[in-house]
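The file coords.cif comes next; it holds mmCIF, C-alpha atoms and all ligand atoms.
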data_final
#
loop_
_atom_site.label_atom_id
_atom_site.label_comp_id
_atom_site.auth_asym_id
_atom_site.auth_seq_id
_atom_site.Cartn_x
_atom_site.Cartn_y
_atom_site.Cartn_z
CA MET Q 193 141.79 152.43 93.40
CA ALA Q 194 139.06 155.01 92.81
CA ASP Q 195 138.56 156.50 89.37
CA SER Q 196 140.17 159.92 89.79
CA GLY Q 197 138.80 161.36 86.54
CA ARG Q 198 135.13 161.72 87.27
CA LEU Q 199 133.02 163.16 90.02
CA HIS Q 200 130.67 160.89 91.93
CA THR Q 201 127.13 161.64 93.06
CA PRO Q 202 126.19 161.91 96.75
CA GLN Q 203 124.03 158.80 96.22
CA GLN Q 204 127.12 156.88 95.12
CA ALA Q 205 128.97 158.09 98.21
CA LEU Q 206 126.08 156.97 100.44
CA ALA Q 207 125.96 153.60 98.66
CA SER Q 208 129.69 153.18 99.24
CA LEU Q 209 129.28 154.03 102.92
CA SER Q 210 126.39 151.59 103.35
CA ASN Q 211 128.38 148.74 101.84
CA GLY Q 212 128.67 146.15 104.63
CA LEU Q 213 127.39 148.67 107.15
CA ALA Q 214 126.04 146.97 110.29
CA PRO Q 215 125.50 147.98 113.89
CA LEU Q 216 128.36 147.53 116.34
CA SER Q 217 127.99 145.48 119.52
CA TRP Q 218 125.56 146.58 122.23
CA GLU Q 219 125.60 147.28 125.95
CA TRP Q 220 123.28 148.04 128.86
CA VAL Q 221 123.20 151.66 130.00
CA ALA Q 222 121.35 153.45 132.77
CA LEU Q 223 118.15 155.09 131.52
CA GLU Q 224 119.36 158.54 132.55
CA THR Q 225 122.34 158.28 130.19
CA ALA Q 226 120.38 156.72 127.30
CA GLY Q 227 119.21 159.93 125.59
CA ASP Q 228 119.93 159.79 121.83
CA ARG Q 229 121.23 156.21 122.12
CA VAL Q 230 119.76 153.61 119.76
CA LEU Q 231 117.81 150.69 121.17
CA ALA Q 232 119.47 147.34 120.39
CA GLN Q 233 116.46 145.14 121.22
CA THR Q 234 112.72 145.61 120.92
CA LEU Q 235 111.28 146.16 124.39
CA HIS Q 236 107.83 144.93 125.44
CA ALA Q 237 105.44 146.32 128.01
CA ARG Q 238 105.98 144.89 131.49
CA HIS Q 239 102.55 145.95 132.66
CA ASP Q 240 99.50 147.87 131.49
CA THR Q 241 99.82 151.64 131.33
CA PRO Q 242 97.98 153.09 133.08
CA PRO Q 243 98.15 150.18 135.53
CA PHE Q 244 94.61 150.84 136.88
CA ASP Q 245 91.46 152.74 135.85
CA ASN Q 246 91.82 156.29 137.13
CA SER Q 247 90.17 159.67 137.06
CA ALA Q 248 91.08 162.20 134.35
CA MET Q 249 89.61 165.09 136.37
CA ASP Q 250 89.24 166.55 139.82
CA GLY Q 251 85.58 165.83 140.63
CA TYR Q 252 83.28 163.01 141.66
CA ALA Q 253 83.24 159.32 140.71
CA LEU Q 254 79.88 157.59 140.46
CA ARG Q 255 77.70 155.12 138.58
CA ALA Q 256 76.48 157.01 135.48
CA GLU Q 257 72.99 155.64 136.05
CA ASP Q 258 72.87 157.62 139.33
CA SER Q 259 73.26 160.99 137.57
CA GLY Q 260 70.39 163.50 137.77
CA ARG Q 261 70.23 163.15 141.58
CA VAL Q 262 71.82 164.41 144.75
CA LEU Q 263 74.39 161.87 145.96
CA SER Q 264 76.13 161.79 149.31
CA VAL Q 265 79.93 161.64 149.30
CA SER Q 266 81.00 158.29 150.77
CA GLN Q 267 84.81 158.52 150.38
CA ARG Q 268 87.63 160.77 149.25
CA ILE Q 269 90.36 159.37 146.96
CA MET Q 270 93.64 161.16 146.24
CA ALA Q 271 96.24 160.10 143.64
CA GLY Q 272 98.46 157.44 145.23
CA GLN Q 273 95.72 156.15 147.52
CA GLN Q 274 93.71 152.95 147.35
CA ALA Q 275 89.95 153.20 146.85
CA ALA Q 276 87.26 151.19 148.63
CA PRO Q 277 84.34 149.83 146.56
CA LEU Q 278 81.74 152.56 145.95
CA GLU Q 279 78.67 152.27 148.14
CA ARG Q 280 75.42 152.09 146.16
CA GLY Q 281 73.67 155.43 145.58
CA THR Q 282 76.71 157.52 146.63
CA CYS Q 283 79.60 159.21 144.88
CA ALA Q 284 83.28 159.54 145.76
CA ARG Q 285 85.26 162.75 145.86
CA ILE Q 286 88.15 162.00 143.48
CA PHE Q 287 91.21 163.79 142.10
CA THR Q 288 93.13 163.50 138.80
CA GLY Q 289 95.17 160.28 138.66
CA ALA Q 290 93.43 158.68 141.66
CA PRO Q 291 92.24 155.08 141.19
CA MET Q 292 88.56 154.60 140.38
CA PRO Q 293 86.62 152.88 143.16
CA GLU Q 294 85.18 149.50 142.19
CA GLY Q 295 81.59 149.98 141.04
CA ALA Q 296 82.05 153.55 139.73
CA ASP Q 297 82.04 153.86 135.94
CA SER Q 298 82.31 157.61 135.33
CA VAL Q 299 83.63 160.89 136.69
CA ILE Q 300 82.10 164.32 136.55
CA MET Q 301 84.36 167.30 136.97
CA GLN Q 302 83.72 169.49 139.96
CA GLU Q 303 82.84 172.59 137.89
CA GLU Q 304 79.74 170.74 136.60
CA VAL Q 305 78.16 169.78 139.95
CA GLU Q 306 76.28 171.71 142.61
CA VAL Q 307 77.47 171.09 146.14
CA ARG Q 308 74.47 171.19 148.54
CA ASP Q 309 74.11 170.58 152.26
CA GLU Q 310 72.71 167.09 151.73
CA GLY Q 311 75.26 166.05 149.06
CA VAL Q 312 76.31 166.77 145.51
CA PHE Q 313 73.81 167.32 142.70
CA ILE Q 314 74.98 165.59 139.51
CA PRO Q 315 73.23 166.82 136.34
CA ALA Q 316 71.44 164.07 134.40
CA GLY Q 317 72.83 162.36 131.29
CA LEU Q 318 76.34 161.45 132.43
CA LYS Q 319 77.81 158.82 130.10
CA VAL Q 320 79.53 155.63 131.23
CA GLY Q 321 83.30 156.14 130.93
CA ASN Q 322 83.13 159.93 131.16
CA SER Q 323 86.52 161.32 132.30
CA VAL Q 324 87.85 157.87 133.16
CA ARG Q 325 91.28 156.75 131.89
CA LEU Q 326 90.96 153.02 131.50
CA GLN Q 327 93.69 150.58 132.52
CA GLY Q 328 95.90 149.72 129.51
CA ARG Q 329 94.66 152.68 127.47
CA GLU Q 330 98.24 153.61 126.50
CA ILE Q 331 99.68 150.12 126.25
CA THR Q 332 98.92 146.61 127.50
CA THR Q 333 101.28 143.97 128.91
CA ASP Q 334 103.54 142.34 126.27
CA GLU Q 335 102.69 144.83 123.53
CA VAL Q 336 105.70 146.31 121.69
CA LEU Q 337 106.86 149.26 123.75
CA VAL Q 338 109.75 150.66 121.69
CA ASN Q 339 111.26 149.03 118.60
CA GLN Q 340 114.88 148.06 118.10
CA GLY Q 341 116.64 150.79 116.10
CA THR Q 342 114.72 153.64 117.75
CA ARG Q 343 116.84 156.59 118.78
CA LEU Q 344 115.66 157.33 122.29
CA ASN Q 345 114.33 160.86 122.57
CA SER Q 346 113.14 162.54 125.75
CA ALA Q 347 109.61 161.20 125.33
CA ALA Q 348 110.88 157.63 124.84
CA LEU Q 349 112.91 157.92 128.05
CA GLY Q 350 109.86 159.08 129.98
CA PHE Q 351 107.71 156.35 128.40
CA LEU Q 352 110.26 153.65 129.32
CA ALA Q 353 110.58 155.02 132.84
CA GLY Q 354 106.77 154.79 133.08
CA GLN Q 355 107.22 151.05 132.51
CA GLY Q 356 109.82 150.75 135.24
CA PHE Q 357 112.90 150.38 133.02
CA ASP Q 358 116.00 151.68 134.80
CA ARG Q 359 118.46 150.46 132.14
CA VAL Q 360 118.17 149.71 128.44
CA PRO Q 361 120.14 147.78 125.80
CA VAL Q 362 121.68 150.18 123.27
CA TYR Q 363 124.24 149.92 120.49
CA ARG Q 364 127.77 150.91 121.32
CA LYS Q 365 128.81 154.38 120.26
CA PRO Q 366 131.13 154.35 117.24
CA ARG Q 367 134.69 155.31 118.22
CA VAL Q 368 135.87 158.12 115.97
CA ALA Q 369 139.46 159.29 115.49
CA LEU Q 370 139.56 162.88 114.33
CA LEU Q 371 142.75 163.90 112.52
CA PHE Q 372 143.53 167.39 111.28
CA THR Q 373 145.98 168.21 108.51
CA GLY Q 374 147.42 171.63 107.76
CA ASP Q 375 150.68 172.99 109.15
CA GLU Q 376 149.05 176.44 109.15
CA LEU Q 377 146.70 175.46 111.99
CA ARG Q 378 147.05 176.64 115.58
CA LEU Q 379 144.77 176.37 118.58
CA PRO Q 380 142.89 179.30 120.09
CA GLY Q 381 145.04 180.57 122.94
CA GLU Q 382 148.22 180.26 120.86
CA ALA Q 383 149.71 183.22 119.00
CA LEU Q 384 149.38 183.27 115.22
CA ALA Q 385 152.51 183.75 113.08
CA PRO Q 386 152.01 185.26 109.60
CA GLY Q 387 150.20 182.77 107.35
CA GLN Q 388 148.72 180.81 110.23
CA ILE Q 389 145.04 180.41 111.12
CA TYR Q 390 143.12 178.81 113.96
CA ASN Q 391 141.81 175.28 113.70
CA GLY Q 392 138.10 176.03 113.53
CA ASN Q 393 137.20 172.59 112.20
CA ARG Q 394 138.47 171.01 115.40
CA PHE Q 395 135.90 172.80 117.52
CA MET Q 396 133.14 172.43 114.96
CA LEU Q 397 133.59 168.68 114.55
CA MET Q 398 134.30 167.96 118.22
CA ASP Q 399 130.87 169.41 118.90
CA LEU Q 400 129.04 167.99 115.88
CA LEU Q 401 130.18 164.37 115.78
CA PRO Q 402 129.05 163.48 119.33
CA ARG Q 403 125.63 164.84 118.34
CA PHE Q 404 125.60 162.05 115.72
CA GLY Q 405 126.45 159.52 118.43
CA ALA Q 406 130.24 159.41 118.04
CA GLU Q 407 132.62 158.82 120.92
CA LEU Q 408 135.80 160.71 120.09
CA SER Q 409 138.64 158.31 120.86
CA LEU Q 410 141.45 160.39 119.37
CA VAL Q 411 141.77 164.03 118.35
CA GLU Q 412 145.09 164.87 116.79
CA GLN Q 413 146.85 167.40 114.57
CA VAL Q 414 149.05 165.58 112.05
CA PRO Q 415 152.10 167.28 110.47
CA ASP Q 416 151.85 167.68 106.69
CA THR Q 417 154.14 164.84 105.62
CA LEU Q 418 153.26 161.54 104.01
CA GLU Q 419 155.10 159.65 106.71
CA ASP Q 420 153.35 161.41 109.60
CA MET Q 421 149.95 160.94 107.98
CA THR Q 422 150.63 157.26 107.27
CA GLN Q 423 151.68 156.65 110.87
CA ALA Q 424 148.70 158.56 112.25
CA LEU Q 425 146.22 156.64 110.08
CA ALA Q 426 147.80 153.30 111.03
CA ARG Q 427 147.57 154.16 114.75
CA ALA Q 428 144.04 155.44 114.47
CA SER Q 429 142.84 152.42 112.47
CA ARG Q 430 143.85 150.12 115.32
CA GLN Q 431 141.63 151.85 117.87
CA ALA Q 432 138.76 153.51 116.01
CA ASP Q 433 135.68 152.37 114.10
CA VAL Q 434 135.87 155.46 111.89
CA ILE Q 435 138.74 157.79 111.01
CA VAL Q 436 137.74 161.30 110.02
CA THR Q 437 140.31 163.67 108.56
CA THR Q 438 139.90 167.25 107.45
CA GLY Q 439 141.98 168.85 104.73
CA GLY Q 440 144.70 167.43 102.54
CA VAL Q 441 142.35 165.52 100.21
CA SER Q 442 142.57 167.83 97.23
CA VAL Q 443 145.36 168.01 94.67
CA GLY Q 444 147.88 170.32 96.40
CA ASP Q 445 151.51 169.42 97.01
CA ALA Q 446 150.80 168.81 100.73
CA ASP Q 447 147.64 166.76 100.12
CA TYR Q 448 148.98 163.43 101.41
CA VAL Q 449 145.86 161.94 102.90
CA ARG Q 450 144.78 159.79 99.96
CA ARG Q 451 148.28 158.45 99.37
CA ALA Q 452 148.69 157.58 103.05
CA LEU Q 453 145.31 155.83 103.02
CA GLU Q 454 146.14 153.84 99.90
CA SER Q 455 149.42 152.64 101.40
CA LEU Q 456 147.51 151.11 104.34
CA GLY Q 457 144.05 150.27 103.02
CA GLU Q 458 141.80 151.29 100.19
CA LEU Q 459 140.36 154.44 98.72
CA ASP Q 460 136.80 153.51 97.73
CA LEU Q 461 135.66 156.77 96.23
CA TRP Q 462 137.04 160.29 95.74
CA ARG Q 463 135.50 163.56 94.60
CA LEU Q 464 131.82 164.38 94.46
CA SER Q 465 129.79 166.53 92.09
CA ILE Q 466 128.69 168.75 94.98
CA ARG Q 467 129.51 172.18 96.27
CA PRO Q 468 130.87 172.50 98.91
CA GLY Q 469 132.88 169.39 99.63
CA LYS Q 470 134.02 168.20 96.20
CA PRO Q 471 137.25 166.45 97.29
CA LEU Q 472 135.52 164.13 99.82
CA ALA Q 473 137.38 160.80 100.06
CA LEU Q 474 135.94 157.52 101.35
CA GLY Q 475 137.82 154.34 102.09
CA HIS Q 476 138.80 151.84 104.72
CA ILE Q 477 141.78 150.34 106.51
CA ASN Q 478 140.82 146.77 107.39
CA GLN Q 479 137.52 147.08 109.32
CA CYS Q 480 138.05 150.75 110.08
CA ARG Q 481 136.07 153.18 107.92
CA PHE Q 482 137.74 156.29 106.53
CA VAL Q 483 136.06 159.61 105.68
CA GLY Q 484 138.31 162.39 104.42
CA LEU Q 485 136.47 165.70 104.62
CA ALA Q 486 137.65 168.62 102.52
CA GLY Q 487 139.52 171.18 104.61
CA ASN Q 488 137.45 174.24 103.84
CA PRO Q 489 135.34 174.67 106.98
CA VAL Q 490 131.99 174.70 105.19
CA SER Q 491 133.02 171.64 103.17
CA SER Q 492 133.78 169.81 106.43
CA PHE Q 493 130.53 170.98 108.03
CA VAL Q 494 128.30 169.99 105.11
CA GLY Q 495 130.21 166.75 104.51
CA ALA Q 496 129.71 165.76 108.14
CA TRP Q 497 125.95 166.30 107.92
CA LEU Q 498 125.57 164.54 104.58
CA PHE Q 499 127.91 161.59 105.05
CA LEU Q 500 129.11 161.15 108.64
CA ARG Q 501 125.61 161.31 110.11
CA PRO Q 502 124.32 158.36 108.03
CA LEU Q 503 127.55 156.42 108.57
CA LEU Q 504 127.47 156.88 112.34
CA GLY Q 505 123.74 156.15 112.30
CA GLY Q 506 124.33 152.87 110.46
CA LEU Q 507 127.00 151.82 112.96
CA GLN Q 508 124.42 152.45 115.69
CA GLY Q 509 121.64 150.54 113.90
CA CYS Q 510 119.55 153.67 113.36
CA ASP Q 511 117.62 153.86 110.07
CA GLU Q 512 116.24 157.29 110.92
CA MET Q 513 119.76 158.73 110.47
CA LYS Q 514 120.10 157.47 106.89
CA ALA Q 515 118.76 160.72 105.49
CA LEU Q 516 118.02 164.19 106.78
CA PRO Q 517 114.34 165.16 106.89
CA ALA Q 518 113.35 167.45 104.02
CA VAL Q 519 110.84 170.26 103.57
CA THR Q 520 109.92 172.54 100.69
CA ALA Q 521 110.49 176.25 101.17
CA ARG Q 522 110.12 179.48 99.20
CA ALA Q 523 113.52 180.89 98.31
CA ALA Q 524 114.15 184.44 99.48
CA PHE Q 525 117.31 184.54 97.35
CA SER Q 526 118.43 184.06 93.79
CA THR Q 527 121.25 181.86 92.58
CA GLU Q 528 122.58 180.03 89.57
CA THR Q 529 124.53 176.78 89.68
CA ALA Q 530 127.20 175.43 87.37
CA GLY Q 531 128.24 171.78 87.09
CA ARG Q 532 127.82 170.69 90.71
CA ASP Q 533 124.74 170.43 92.97
CA HIS Q 534 124.92 173.23 95.52
CA TYR Q 535 124.07 172.63 99.18
CA MET Q 536 123.34 176.20 100.21
CA ARG Q 537 123.20 177.07 103.88
CA VAL Q 538 119.83 178.63 104.62
CA THR Q 539 117.79 179.81 107.55
CA LEU Q 540 114.22 178.53 107.44
CA GLN Q 541 111.44 180.48 109.07
CA TRP Q 542 107.82 179.38 109.22
CA GLU Q 543 105.60 182.14 107.84
CA GLY Q 544 102.17 180.85 108.81
CA ASP Q 545 101.58 178.71 105.73
CA SER Q 546 105.03 177.95 104.30
CA TYR Q 547 108.74 178.10 105.01
CA ARG Q 548 110.84 180.99 103.81
CA ALA Q 549 114.51 180.21 103.13
CA ASP Q 550 117.06 182.99 103.55
CA ALA Q 551 120.59 182.35 102.37
CA PHE Q 552 123.72 183.99 103.76
CA GLU Q 553 125.06 186.11 100.94
CA ASP Q 554 128.59 184.69 100.71
CA GLN Q 555 128.22 180.95 100.12
CA ASP Q 556 131.94 180.27 99.59
CA SER Q 557 133.18 177.06 101.19
CA SER Q 558 135.73 178.98 103.27
CA VAL Q 559 133.04 181.15 104.93
CA LEU Q 560 131.89 179.25 108.03
CA ARG Q 561 129.91 182.32 109.02
CA SER Q 562 127.38 181.16 106.41
CA CYS Q 563 126.56 178.16 108.63
CA VAL Q 564 126.16 179.90 111.97
CA ALA Q 565 122.48 180.82 111.56
CA ALA Q 566 121.69 177.99 109.15
CA ASN Q 567 119.15 175.37 110.13
CA ALA Q 568 118.90 173.70 106.72
CA LEU Q 569 120.67 173.01 103.43
CA ALA Q 570 118.80 174.05 100.28
CA VAL Q 571 119.67 171.55 97.56
CA ILE Q 572 120.04 173.35 94.23
CA LYS Q 573 120.62 171.00 91.31
CA SER Q 574 123.50 171.62 88.90
CA HIS Q 575 122.86 173.94 85.92
CA SER Q 576 119.77 175.53 87.38
CA ARG Q 577 118.49 178.95 88.39
CA VAL Q 578 116.54 179.94 91.43
CA ALA Q 579 114.64 183.23 91.72
CA PRO Q 580 112.97 184.65 94.85
CA GLY Q 581 109.65 182.88 95.43
CA ASP Q 582 110.74 179.64 93.73
CA SER Q 583 110.24 176.40 95.63
CA VAL Q 584 113.43 174.77 96.91
CA SER Q 585 113.98 171.47 98.72
CA CYS Q 586 115.70 171.91 102.06
CA LEU Q 587 117.34 169.30 104.26
CA LEU Q 588 116.83 170.07 107.93
CA LEU Q 589 119.94 170.14 110.08
CA VAL Q 590 118.59 168.05 112.94
CA SER Q 591 121.21 165.82 114.45
N1 LIG Q 601 143.81 172.93 91.85
C1 LIG Q 601 142.76 172.65 92.64
N2 LIG Q 601 142.70 173.20 93.84
C2 LIG Q 601 141.64 172.94 94.64
C3 LIG Q 601 140.63 172.09 94.20
C4 LIG Q 601 140.73 171.49 92.93
O1 LIG Q 601 139.86 170.71 92.49
N3 LIG Q 601 141.82 171.78 92.19
N4 LIG Q 601 139.54 171.90 95.02
C5 LIG Q 601 139.24 172.99 95.90
C6 LIG Q 601 138.15 172.61 96.78
S1 LIG Q 601 136.61 172.56 96.05
C7 LIG Q 601 138.33 172.44 98.09
S2 LIG Q 601 136.96 172.12 99.08
C8 LIG Q 601 139.64 172.53 98.73
C9 LIG Q 601 139.82 171.36 99.70
O2 LIG Q 601 141.11 170.99 99.80
P1 LIG Q 601 141.71 170.09 100.94
O3 LIG Q 601 140.68 169.17 101.44
O4 LIG Q 601 142.96 169.53 100.44
O5 LIG Q 601 141.93 171.10 102.12
P2 LIG Q 601 143.22 171.98 102.45
O6 LIG Q 601 143.85 172.41 101.17
O7 LIG Q 601 144.02 171.31 103.43
O8 LIG Q 601 142.49 173.22 103.10
C10 LIG Q 601 141.55 173.99 102.39
C11 LIG Q 601 141.32 175.32 103.12
O9 LIG Q 601 140.76 175.07 104.38
C12 LIG Q 601 141.58 175.58 105.44
N5 LIG Q 601 141.54 174.62 106.54
C13 LIG Q 601 142.01 173.36 106.49
N6 LIG Q 601 141.85 172.75 107.67
C14 LIG Q 601 141.25 173.66 108.47
C15 LIG Q 601 140.82 173.63 109.81
N7 LIG Q 601 140.99 172.54 110.56
N8 LIG Q 601 140.23 174.73 110.32
C16 LIG Q 601 140.07 175.86 109.57
N9 LIG Q 601 140.46 175.94 108.28
C17 LIG Q 601 141.05 174.85 107.75
C18 LIG Q 601 142.96 175.66 104.85
O10 LIG Q 601 143.76 176.58 105.50
C19 LIG Q 601 142.62 176.05 103.41
O11 LIG Q 601 142.37 177.44 103.32
O12 LIG Q 601 140.67 172.56 97.77
C20 LIG Q 601 140.42 173.48 96.71
N10 LIG Q 601 141.59 173.53 95.88
O1 LIG Q 602 134.37 171.36 97.21
MO1 LIG Q 602 134.97 172.92 97.72
O2 LIG Q 602 134.22 172.74 99.27
O3 LIG Q 602 133.62 173.58 96.77
O4 LIG Q 602 135.43 174.59 98.03
#

Write out the structure in this file as structure tokens.
Amino acid sequence: MADSGRLHTPQQALASLSNGLAPLSWEWVALETAGDRVLAQTLHARHDTPPFDNSAMDGYALRAEDSGRVLSVSQRIMAGQQAAPLERGTCARIFTGAPMPEGADSVIMQEEVEVRDEGVFIPAGLKVGNSVRLQGREITTDEVLVNQGTRLNSAALGFLAGQGFDRVPVYRKPRVALLFTGDELRLPGEALAPGQIYNGNRFMLMDLLPRFGAELSLVEQVPDTLEDMTQALARASRQADVIVTTGGVSVGDADYVRRALESLGELDLWRLSIRPGKPLALGHINQCRFVGLAGNPVSSFVGAWLFLRPLLGGLQGCDEMKALPAVTARAAFSTETAGRDHYMRVTLQWEGDSYRADAFEDQDSSVLRSCVAANALAVIKSHSRVAPGDSVSCLLLVS
């Protein structure tokens, strides 16, 4: 049972989440579907890249020692063609990416030569290796290509394709059950009765969690009773790796989530010294992890970035997702914090030599509008003051 009297630090929450955290099983997937997946094995180069010496320019291939003379053109080599050995005392017309003919050791680009009736005049002083991309320049056979634990970005996909990989071993996506509490919630498209609101968190989290690698296995609205919540958690824990709830983790009369969790598994930690998102609850039901996000939309949004991203990253074997990248910016706002660290939603703009951080004026945890233009969270420590121009640390919201 978690100590309900004190507030925990975000570091304690992250430590609790990383307890026993290990990647799930892995699978082969087609390269075209592997974007943002995490590599489950280190891959090695199958061949040299580039696989043959080739020209970096459109021009003429020759022996550098022949420069300073007029050379006749003995062959023409396009990319994709095979070259014949270069005849002595001649040059070859060559194009970017075309294989170097055996015997040639340099390329001169066409803008630098003079084409005459009797041949091509090559100015003197050409250096061996000029404008030649040597075989294996990028990588050689058996060298490490991409390390296990790398999240495959677009460049990695192109690089792997360049090595002929058409499928790759990646960690399985964590299955996430997303449960919403709050009898006041309706779906867009339905009419609102007095007192009701639309379930914004549903759309926010259904978009955000897959960006962190989640596969949503269940998305459900749970009626605000202890029995319904207990049944929903039990069902979800049998099919998901992670259960995420929003709302119902504070101290209100309808806040059943913690009690339901404790009847089935364990509450590991509750309540953080942060704003927004104080009532965050962490726990588990058998092997299934539980993250209870506070219901206020901004609390859910910030909690997902700070805690679900590293958890889902850990389940996918991705160290890079342990922490958000940080930059220092100049505040374009003033604020004063009380007893909790404040994660303010800010818009960073590069101003030539530094970042400027603008904060949406209303930073209340119910105002999701404050997140719409935000690309970072400025972390303002408890009991501190920030004035315009002060340096603030900002966590970048990159998924
Ligand atoms: N007496 C106290 N009251 C509250 C405390 C406290 O310490 N003592 N903490 C406050 C803080 S801080 C937060 S944050 C909220 C979080 O409470 P819950 O996690 O129990 O969330 P709910 O009460 O269910 O909802 C809060 C708020 O958010 C709206 N909501 C909920 N779900 C959604 C959704 N899916 N989409 C859009 N909006 C949603 C809900 O209608 C409420 O307005 O508790 C404070 N209270
Ligand atoms: O912890 Mo709450 O999100 O500050 O309103």

Point out the residue among Q:Pro517, Q:Gly509, Q:Pro468, Q:Gly475 with the least atom-to-atom distance to ligand LIG 601 (chain Q), counting only C-alpha atoms and all ligand atoms.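 Using only C-alpha atoms and all ligand atoms, the shortest distance to ligand LIG 601 (chain Q) belongs to Q:Pro468.
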
Shortest contact to ligand LIG 602 (chain Q), candidates Q:Val590, Q:Ala348, Q:Leu199, Q:Ala248, atoms counted all atoms listed in the file, goes to Q:Leu199

Expected selection as a compact mmCIF listing (two decimals) with C-alpha atoms, in the frame of the given file for ligand LIG 601 (chain Q) within 6 Å, only C-alpha atoms and all ligand atoms:
# COMPACT_ATOMS: atom_id res chain seq x y z
CA PHE Q 372 143.53 167.39 111.28
CA GLY Q 374 147.42 171.63 107.76
CA ASN Q 391 141.81 175.28 113.70
CA GLY Q 392 138.10 176.03 113.53
CA ASN Q 393 137.20 172.59 112.20
CA ARG Q 394 138.47 171.01 115.40
CA THR Q 438 139.90 167.25 107.45
CA GLY Q 439 141.98 168.85 104.73
CA GLY Q 440 144.70 167.43 102.54
CA VAL Q 441 142.35 165.52 100.21
CA SER Q 442 142.57 167.83 97.23
CA VAL Q 443 145.36 168.01 94.67
CA ASP Q 447 147.64 166.76 100.12
CA GLY Q 469 132.88 169.39 99.63
CA LYS Q 470 134.02 168.20 96.20
CA PRO Q 471 137.25 166.45 97.29
CA ALA Q 486 137.65 168.62 102.52
CA GLY Q 487 139.52 171.18 104.61
CA ASN Q 488 137.45 174.24 103.84
CA PRO Q 489 135.34 174.67 106.98
CA SER Q 491 133.02 171.64 103.17

Students should find that atom CA of Q:Leu503 and atom CA of Q:Val519 are spaced 22.3 Å

Please determine, counting all atoms listed in the file, which residue among Q:Asp250, Q:Asp582, Q:Asp533, Q:Asp433 has the shortest atom-to-atom distance to ligand LIG 602 (chain Q). Q:Asp533
